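Structure file entry_34.cif (mmCIF, N, CA and C atoms) is printed below.
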```
data_query
loop_
_atom_site.label_atom_id
_atom_site.label_comp_id
_atom_site.auth_asym_id
_atom_site.auth_seq_id
_atom_site.Cartn_x
_atom_site.Cartn_y
_atom_site.Cartn_z
N MET A 1 -5.37 -22.28 5.79
CA MET A 1 -4.25 -22.01 6.67
C MET A 1 -4.53 -20.80 7.56
N LEU A 2 -5.05 -19.74 6.94
CA LEU A 2 -5.33 -18.52 7.68
C LEU A 2 -6.41 -18.75 8.74
N ALA A 3 -7.42 -19.53 8.38
CA ALA A 3 -8.50 -19.82 9.33
C ALA A 3 -7.98 -20.61 10.53
N VAL A 4 -7.05 -21.53 10.26
CA VAL A 4 -6.46 -22.33 11.34
C VAL A 4 -5.68 -21.43 12.30
N LEU A 5 -4.88 -20.53 11.74
CA LEU A 5 -4.09 -19.62 12.57
C LEU A 5 -5.01 -18.71 13.40
N ARG A 6 -6.07 -18.23 12.78
CA ARG A 6 -7.02 -17.38 13.52
C ARG A 6 -7.68 -18.14 14.65
N ALA A 7 -8.02 -19.41 14.41
CA ALA A 7 -8.63 -20.24 15.46
C ALA A 7 -7.65 -20.47 16.61
N GLU A 8 -6.39 -20.72 16.27
CA GLU A 8 -5.36 -20.91 17.30
C GLU A 8 -5.20 -19.63 18.12
N HIS A 9 -5.20 -18.49 17.43
CA HIS A 9 -5.06 -17.18 18.10
C HIS A 9 -6.22 -16.97 19.07
N ARG A 10 -7.43 -17.27 18.61
CA ARG A 10 -8.63 -17.13 19.45
C ARG A 10 -8.56 -18.06 20.67
N ASP A 11 -8.10 -19.30 20.45
CA ASP A 11 -7.97 -20.26 21.55
C ASP A 11 -6.97 -19.77 22.60
N LEU A 12 -5.84 -19.25 22.13
CA LEU A 12 -4.85 -18.72 23.06
C LEU A 12 -5.43 -17.56 23.86
N ASP A 13 -6.16 -16.69 23.18
CA ASP A 13 -6.79 -15.56 23.86
C ASP A 13 -7.73 -16.04 24.96
N GLU A 14 -8.52 -17.06 24.65
CA GLU A 14 -9.46 -17.61 25.63
C GLU A 14 -8.72 -18.21 26.83
N GLN A 15 -7.62 -18.90 26.57
CA GLN A 15 -6.83 -19.48 27.65
C GLN A 15 -6.26 -18.39 28.55
N ILE A 16 -5.74 -17.33 27.94
CA ILE A 16 -5.16 -16.22 28.69
C ILE A 16 -6.23 -15.56 29.56
N VAL A 17 -7.38 -15.27 28.97
CA VAL A 17 -8.47 -14.63 29.71
C VAL A 17 -8.90 -15.51 30.88
N ARG A 18 -9.00 -16.81 30.64
CA ARG A 18 -9.41 -17.73 31.70
C ARG A 18 -8.39 -17.75 32.85
N LEU A 19 -7.11 -17.84 32.50
CA LEU A 19 -6.08 -17.86 33.54
C LEU A 19 -6.06 -16.55 34.34
N GLU A 20 -6.22 -15.43 33.63
CA GLU A 20 -6.22 -14.14 34.32
C GLU A 20 -7.47 -13.99 35.19
N ALA A 21 -8.59 -14.51 34.73
CA ALA A 21 -9.83 -14.43 35.50
C ALA A 21 -9.75 -15.27 36.77
N GLU A 22 -9.00 -16.35 36.69
CA GLU A 22 -8.81 -17.22 37.86
C GLU A 22 -7.77 -16.65 38.81
N HIS A 23 -7.19 -15.50 38.44
CA HIS A 23 -6.12 -14.88 39.23
C HIS A 23 -4.99 -15.87 39.45
N SER A 24 -4.67 -16.56 38.36
CA SER A 24 -3.61 -17.55 38.41
C SER A 24 -2.28 -16.90 38.75
N ASN A 25 -1.53 -17.58 39.60
CA ASN A 25 -0.20 -17.10 39.96
C ASN A 25 0.85 -17.60 38.99
N ASP A 26 0.41 -18.32 37.97
CA ASP A 26 1.33 -18.88 37.00
C ASP A 26 1.62 -17.85 35.90
N GLN A 27 2.33 -16.80 36.28
CA GLN A 27 2.63 -15.71 35.36
C GLN A 27 3.53 -16.16 34.22
N VAL A 28 4.35 -17.16 34.45
CA VAL A 28 5.24 -17.66 33.40
C VAL A 28 4.40 -18.25 32.26
N THR A 29 3.39 -19.02 32.61
CA THR A 29 2.51 -19.61 31.60
C THR A 29 1.75 -18.53 30.85
N ILE A 30 1.22 -17.56 31.57
CA ILE A 30 0.47 -16.47 30.94
C ILE A 30 1.38 -15.71 29.98
N LYS A 31 2.59 -15.43 30.41
CA LYS A 31 3.55 -14.71 29.57
C LYS A 31 3.89 -15.52 28.32
N ARG A 32 4.08 -16.82 28.48
CA ARG A 32 4.39 -17.70 27.34
C ARG A 32 3.23 -17.72 26.35
N LEU A 33 2.00 -17.81 26.87
CA LEU A 33 0.83 -17.82 26.00
C LEU A 33 0.67 -16.50 25.25
N LYS A 34 0.94 -15.40 25.93
CA LYS A 34 0.85 -14.09 25.28
C LYS A 34 1.89 -13.96 24.17
N LYS A 35 3.08 -14.51 24.41
CA LYS A 35 4.12 -14.46 23.38
C LYS A 35 3.72 -15.30 22.17
N GLN A 36 3.15 -16.49 22.42
CA GLN A 36 2.68 -17.34 21.35
C GLN A 36 1.59 -16.63 20.55
N LYS A 37 0.69 -15.97 21.27
CA LYS A 37 -0.41 -15.24 20.63
C LYS A 37 0.13 -14.14 19.73
N LEU A 38 1.12 -13.41 20.21
CA LEU A 38 1.72 -12.33 19.44
C LEU A 38 2.41 -12.87 18.18
N LEU A 39 3.12 -13.98 18.32
CA LEU A 39 3.78 -14.59 17.16
C LEU A 39 2.76 -15.04 16.12
N LEU A 40 1.64 -15.60 16.60
CA LEU A 40 0.58 -16.01 15.68
C LEU A 40 -0.01 -14.80 14.97
N LYS A 41 -0.22 -13.73 15.71
CA LYS A 41 -0.76 -12.50 15.12
C LYS A 41 0.18 -11.99 14.02
N ASP A 42 1.47 -12.05 14.26
CA ASP A 42 2.44 -11.63 13.25
C ASP A 42 2.36 -12.51 11.99
N ARG A 43 2.21 -13.81 12.20
CA ARG A 43 2.09 -14.73 11.05
C ARG A 43 0.81 -14.47 10.28
N ILE A 44 -0.29 -14.21 11.01
CA ILE A 44 -1.58 -13.91 10.37
C ILE A 44 -1.45 -12.64 9.53
N THR A 45 -0.84 -11.62 10.12
CA THR A 45 -0.67 -10.35 9.41
C THR A 45 0.19 -10.53 8.16
N ALA A 46 1.24 -11.30 8.28
CA ALA A 46 2.12 -11.54 7.13
C ALA A 46 1.36 -12.26 6.00
N LEU A 47 0.57 -13.26 6.37
CA LEU A 47 -0.21 -13.98 5.35
C LEU A 47 -1.26 -13.07 4.72
N GLU A 48 -1.92 -12.25 5.53
CA GLU A 48 -2.92 -11.32 5.00
C GLU A 48 -2.26 -10.33 4.04
N ASP A 49 -1.07 -9.89 4.36
CA ASP A 49 -0.35 -8.96 3.48
C ASP A 49 0.00 -9.61 2.14
N GLN A 50 0.29 -10.92 2.17
CA GLN A 50 0.59 -11.62 0.93
C GLN A 50 -0.67 -11.79 0.08
N ILE A 51 -1.80 -11.98 0.75
CA ILE A 51 -3.06 -12.21 0.04
C ILE A 51 -3.61 -10.91 -0.54
N THR A 52 -3.54 -9.85 0.24
CA THR A 52 -4.08 -8.56 -0.17
C THR A 52 -2.97 -7.70 -0.77
N PRO A 53 -3.06 -7.43 -2.06
CA PRO A 53 -2.02 -6.62 -2.70
C PRO A 53 -2.11 -5.16 -2.26
N ASP A 54 -0.96 -4.52 -2.25
CA ASP A 54 -0.93 -3.09 -1.95
C ASP A 54 -1.46 -2.34 -3.16
N ILE A 55 -2.42 -1.48 -2.92
CA ILE A 55 -2.98 -0.69 -4.00
C ILE A 55 -2.63 0.78 -3.75
N ILE A 56 -1.88 1.34 -4.65
CA ILE A 56 -1.50 2.75 -4.52
C ILE A 56 -2.53 3.58 -5.29
N ALA A 57 -3.25 4.41 -4.56
CA ALA A 57 -4.31 5.20 -5.21
C ALA A 57 -3.77 6.49 -5.77
#
```
Now that the file is in, can you turn its structure into structure tokens?
Amino acid sequence: MLAVLRAEHRDLDEQIVRLEAEHSNDQVTIKRLKKQKLLLKDRITALEDQITPDIIA
């Protein structure tokens, strides 16, 4: 599951970079993709936090 989310995050990043490199005027799409990317990052972080226990030294 985590690998799938990371792959989706990477794909979104590539799409954003490509659109920005093309100087696309479709700012709505770029903004939507960035929001999706951020939501995925939050889900990835939440899953990583569940997997990795907090260790108090």
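Across the structure, atom C of Gln15 in chain A and CA of Ile30 in chain A are spaced 7.4 Å apart.
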From the set A:Glu48, A:Asp13, A:Asp54, A:Glu8, which residue has the shortest atom-to-atom contact distance to Lys34 in chain A, counting all atoms listed in the file?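 With all atoms listed in the file as the atom set, the closest residue is A:Asp13.
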Just give me the gap between atom N of Leu33 in chain A and CA of Arg6 in chain A in Å, one decimal is fine.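 Between atom N of Leu33 in chain A and CA of Arg6 in chain A the gap works out to 16.1 Å.
Nearest-residue note for Leu38 in chain A: choosing from A:Ser24, A:Pro53, A:His9, A:Glu14, the minimum distance belongs to A:His9, counting only N, CA and C atoms.
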Near-range 2-5 of chain A list (8 Å; only N, CA and C atoms; drop same-chain fewer than 2 positions) as a VMD selection string: chain A and resid 7 to 11 40 to 41 43 to 44 47 to 48
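Between CA of Val17 in chain A and CA of Lys31 in chain A lies a distance of 12.0 Å.
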Nearest to Ile16 in chain A among A:Thr45, A:Leu39, A:Gln50, A:Thr29, with distances taken over all atoms listed in the file: which residue is it?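 The answer is A:Thr29, which sits nearest to Ile16 in chain A.
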Can you list, as a PyMOL selection string, every residue of chain A that DSSP puts in helix (DSSP H, G or I)? chain A and resi 2-21+27-51
